[in-house]
Amino acid sequence: MLASVRAAMLVEAKRPQTSWKTRALQLIGASLGLSAVIGLGAVISGNAALTTIALRWVTLLGLAAVGPLLVWASVVPGRTASRWVAMAASVAVAVVMVVLRPAATLNASSAPEWLCTALHLAVAGPAIFTALTLLRSMAPSTPRSIAAGLAAGTTGALLGEMMCERDAAHVASFHLAAWTLAALLVVVLGARVKRRSWAA
């Protein structure tokens with residue numbers, strides 16, 4: 001038993017280590033980069049109006065800021081308190097998303113509301129995968145997994161702010177549900193991934 005543990009430690013010691021800063025950049029790139037590409041595509045295709053984006057600059061800026069904050073909190077060694085601070089910031093942004101959302105416009109989609117939740121999760125998929133991959137290289141931690149999941153979920157939330165014309169009740173029920181589900185997926189799946197490292 002001791003010999004196998006020692007062998008595993010030697011293998012890990014020889015494996016090239018990726019710094020937490022590099023991990024942070026990877027997750028930020030997966031979340032915000034994907035959001036930028038999809039958002040640009042939505043504008044070009046006419047599914048997102050520039051006027052809507054301009055009117056929602058506060059929530060878009062909040063999401064764009066809290067995403068990297070959550071990433072940093074999820075990968076920085078130690079500092080559990082920073083993860084709770086980042087999660088609190090994401091809750092604050094979520095509240096602002098609901099409070100500042102006006103009544104539904106005439107351009108609001110007539111499609112089933114749950115499609116927003118499904119679309120947000122689909123868009124966040126690559127970022128969720130990246131988060132799970134990065135968690136394999138870190139010690140298991142529920143706050144870390146929640147922060148990483150929320151960071152990945154900002155991708156769908158950004159898309160919803162750019163494209164969806166529905167009201168605050170819809171945002172609270174379906175947009176925030178997707179954001180929460182993204183975090184839960186990372187927590188549940190992250191607890192099951194095989195660890196390549198147990199570094200804090």
# chains A, B, ... in the order shown; residues from 1 in each chain; ligands from 1
$ select_by_dssp --residues "chain A" --states "alpha helix (DSSP H)" --output "PyMOL selection string"
chain A and resi 2-14+20-28+34-45+50-55+57-75+80-99+114-135+142-163+168-170+176-190
$ residues_around --residues "segment 51-57 of chain A" --least-positions-apart "2" --cutoff "8 Å" --atoms "only C-alpha atoms" --output "MDAnalysis selection string"
chainID A and resid 48:49 59:61 161:163
$ write_last_selection --atoms "N, CA and C atoms" --output "PDB file, in the first residue's frame"
ATOM      1  N   ALA A  48     -29.890  39.279 -31.881  1.00  0.00           N
ATOM      2  CA  ALA A  48     -29.609  40.178 -30.758  1.00  0.00           C
ATOM      3  C   ALA A  48     -29.508  41.598 -31.305  1.00  0.00           C
ATOM      4  N   ALA A  49     -30.275  42.496 -30.710  1.00  0.00           N
ATOM      5  CA  ALA A  49     -30.291  43.883 -31.177  1.00  0.00           C
ATOM      6  C   ALA A  49     -29.253  44.705 -30.422  1.00  0.00           C
ATOM      7  N   THR A  59     -25.845  45.084 -16.577  1.00  0.00           N
ATOM      8  CA  THR A  59     -25.821  43.652 -16.267  1.00  0.00           C
ATOM      9  C   THR A  59     -24.760  42.921 -17.095  1.00  0.00           C
ATOM     10  N   LEU A  60     -24.574  43.335 -18.332  1.00  0.00           N
ATOM     11  CA  LEU A  60     -23.547  42.705 -19.158  1.00  0.00           C
ATOM     12  C   LEU A  60     -22.155  42.958 -18.579  1.00  0.00           C
ATOM     13  N   LEU A  61     -21.935  44.184 -18.133  1.00  0.00           N
ATOM     14  CA  LEU A  61     -20.650  44.513 -17.522  1.00  0.00           C
ATOM     15  C   LEU A  61     -20.467  43.744 -16.215  1.00  0.00           C
ATOM     16  N   GLU A 161     -28.775  37.845 -21.610  1.00  0.00           N
ATOM     17  CA  GLU A 161     -28.906  39.295 -21.506  1.00  0.00           C
ATOM     18  C   GLU A 161     -28.853  39.962 -22.874  1.00  0.00           C
ATOM     19  N   MET A 162     -28.127  39.369 -23.789  1.00  0.00           N
ATOM     20  CA  MET A 162     -28.009  39.959 -25.123  1.00  0.00           C
ATOM     21  C   MET A 162     -29.217  39.666 -26.008  1.00  0.00           C
ATOM     22  N   MET A 163     -29.809  38.482 -25.844  1.00  0.00           N
ATOM     23  CA  MET A 163     -30.800  38.031 -26.814  1.00  0.00           C
ATOM     24  C   MET A 163     -32.244  38.027 -26.321  1.00  0.00           C
TER      25      MET A 163
END
$ closest_atom_pairs --of "segment 127-153 of chain A" --to "segment 64-87 of chain A" --cutoff "9 Å" --atoms "only C-alpha atoms" --output "Markdown table"
| residue | atom | partner | partner_atom | distance |
| --- | --- | --- | --- | --- |
| A:Leu134 | CA | A:Val75 | CA | 8.3 |
| A:Leu135 | CA | A:Val75 | CA | 8.3 |
| A:Met138 | CA | A:Val75 | CA | 7.9 |
| A:Pro143 | CA | A:Arg83 | CA | 6.3 |
| A:Arg144 | CA | A:Ser74 | CA | 4.6 |
| A:Ser145 | CA | A:Ser74 | CA | 6.9 |
| A:Ile146 | CA | A:Met87 | CA | 8.0 |
| A:Ala147 | CA | A:Leu70 | CA | 5.3 |
| A:Ala148 | CA | A:Ser74 | CA | 5.3 |
| A:Gly149 | CA | A:Leu70 | CA | 8.8 |
| A:Leu150 | CA | A:Leu70 | CA | 7.0 |
| A:Ala151 | CA | A:Gly67 | CA | 4.9 |
| A:Ala152 | CA | A:Gly67 | CA | 7.7 |
| A:Gly153 | CA | A:Gly67 | CA | 8.5 |
$ atom_distance --atom1 "atom CA of Asn47 of chain A" --atom2 "atom CA of Ala111 of chain A"
13.6 Å
$ atom_distance --atom1 "atom CA of Thr155 of chain A" --atom2 "atom CA of Ile44 of chain A"
18.4 Å
$ residues_around --residues "segment 96-107 of chain A" --least-positions-apart "5" --cutoff "6 Å" --atoms "only C-alpha atoms" --output "ChimeraX atom specification"
/A:59,165-168
$ residues_around --residues "Val188 of chain A" --least-positions-apart "2" --cutoff "12 Å" --atoms "only C-alpha atoms" --output "list in words"
Ile128, Leu132, Leu135, Pro140, Ser141, Thr142, Ser145, Ile146, Gly149, Leu181, Ala182, Ala183, Leu184, Leu185, Val186, Gly190, Ala191, Arg192 and Val193 of chain A
$ residues_around --residues "Ala157 of chain A" --least-positions-apart "3" --cutoff "7 Å" --atoms "only C-alpha atoms" --output "PyMOL selection string"
chain A and resi 120+153-154+160-161+175+179
$ write_last_selection --atoms "C-alpha atoms" --output "PDB file, in the first residue's frame"
ATOM      1  CA  HIS A 120     -27.925  28.599 -21.794  1.00  0.00           C
ATOM      2  CA  GLY A 153     -22.559  29.504 -16.308  1.00  0.00           C
ATOM      3  CA  THR A 154     -21.862  33.171 -16.978  1.00  0.00           C
ATOM      4  CA  GLY A 160     -29.523  35.639 -22.281  1.00  0.00           C
ATOM      5  CA  GLU A 161     -28.906  39.295 -21.506  1.00  0.00           C
ATOM      6  CA  HIS A 175     -32.112  32.228 -16.868  1.00  0.00           C
ATOM      7  CA  TRP A 179     -26.875  29.421 -14.154  1.00  0.00           C
TER       8      TRP A 179
END
$ atom_distance --atom1 "atom CA of Leu159 of chain A" --atom2 "atom CA of Leu189 of chain A"
23.9 Å
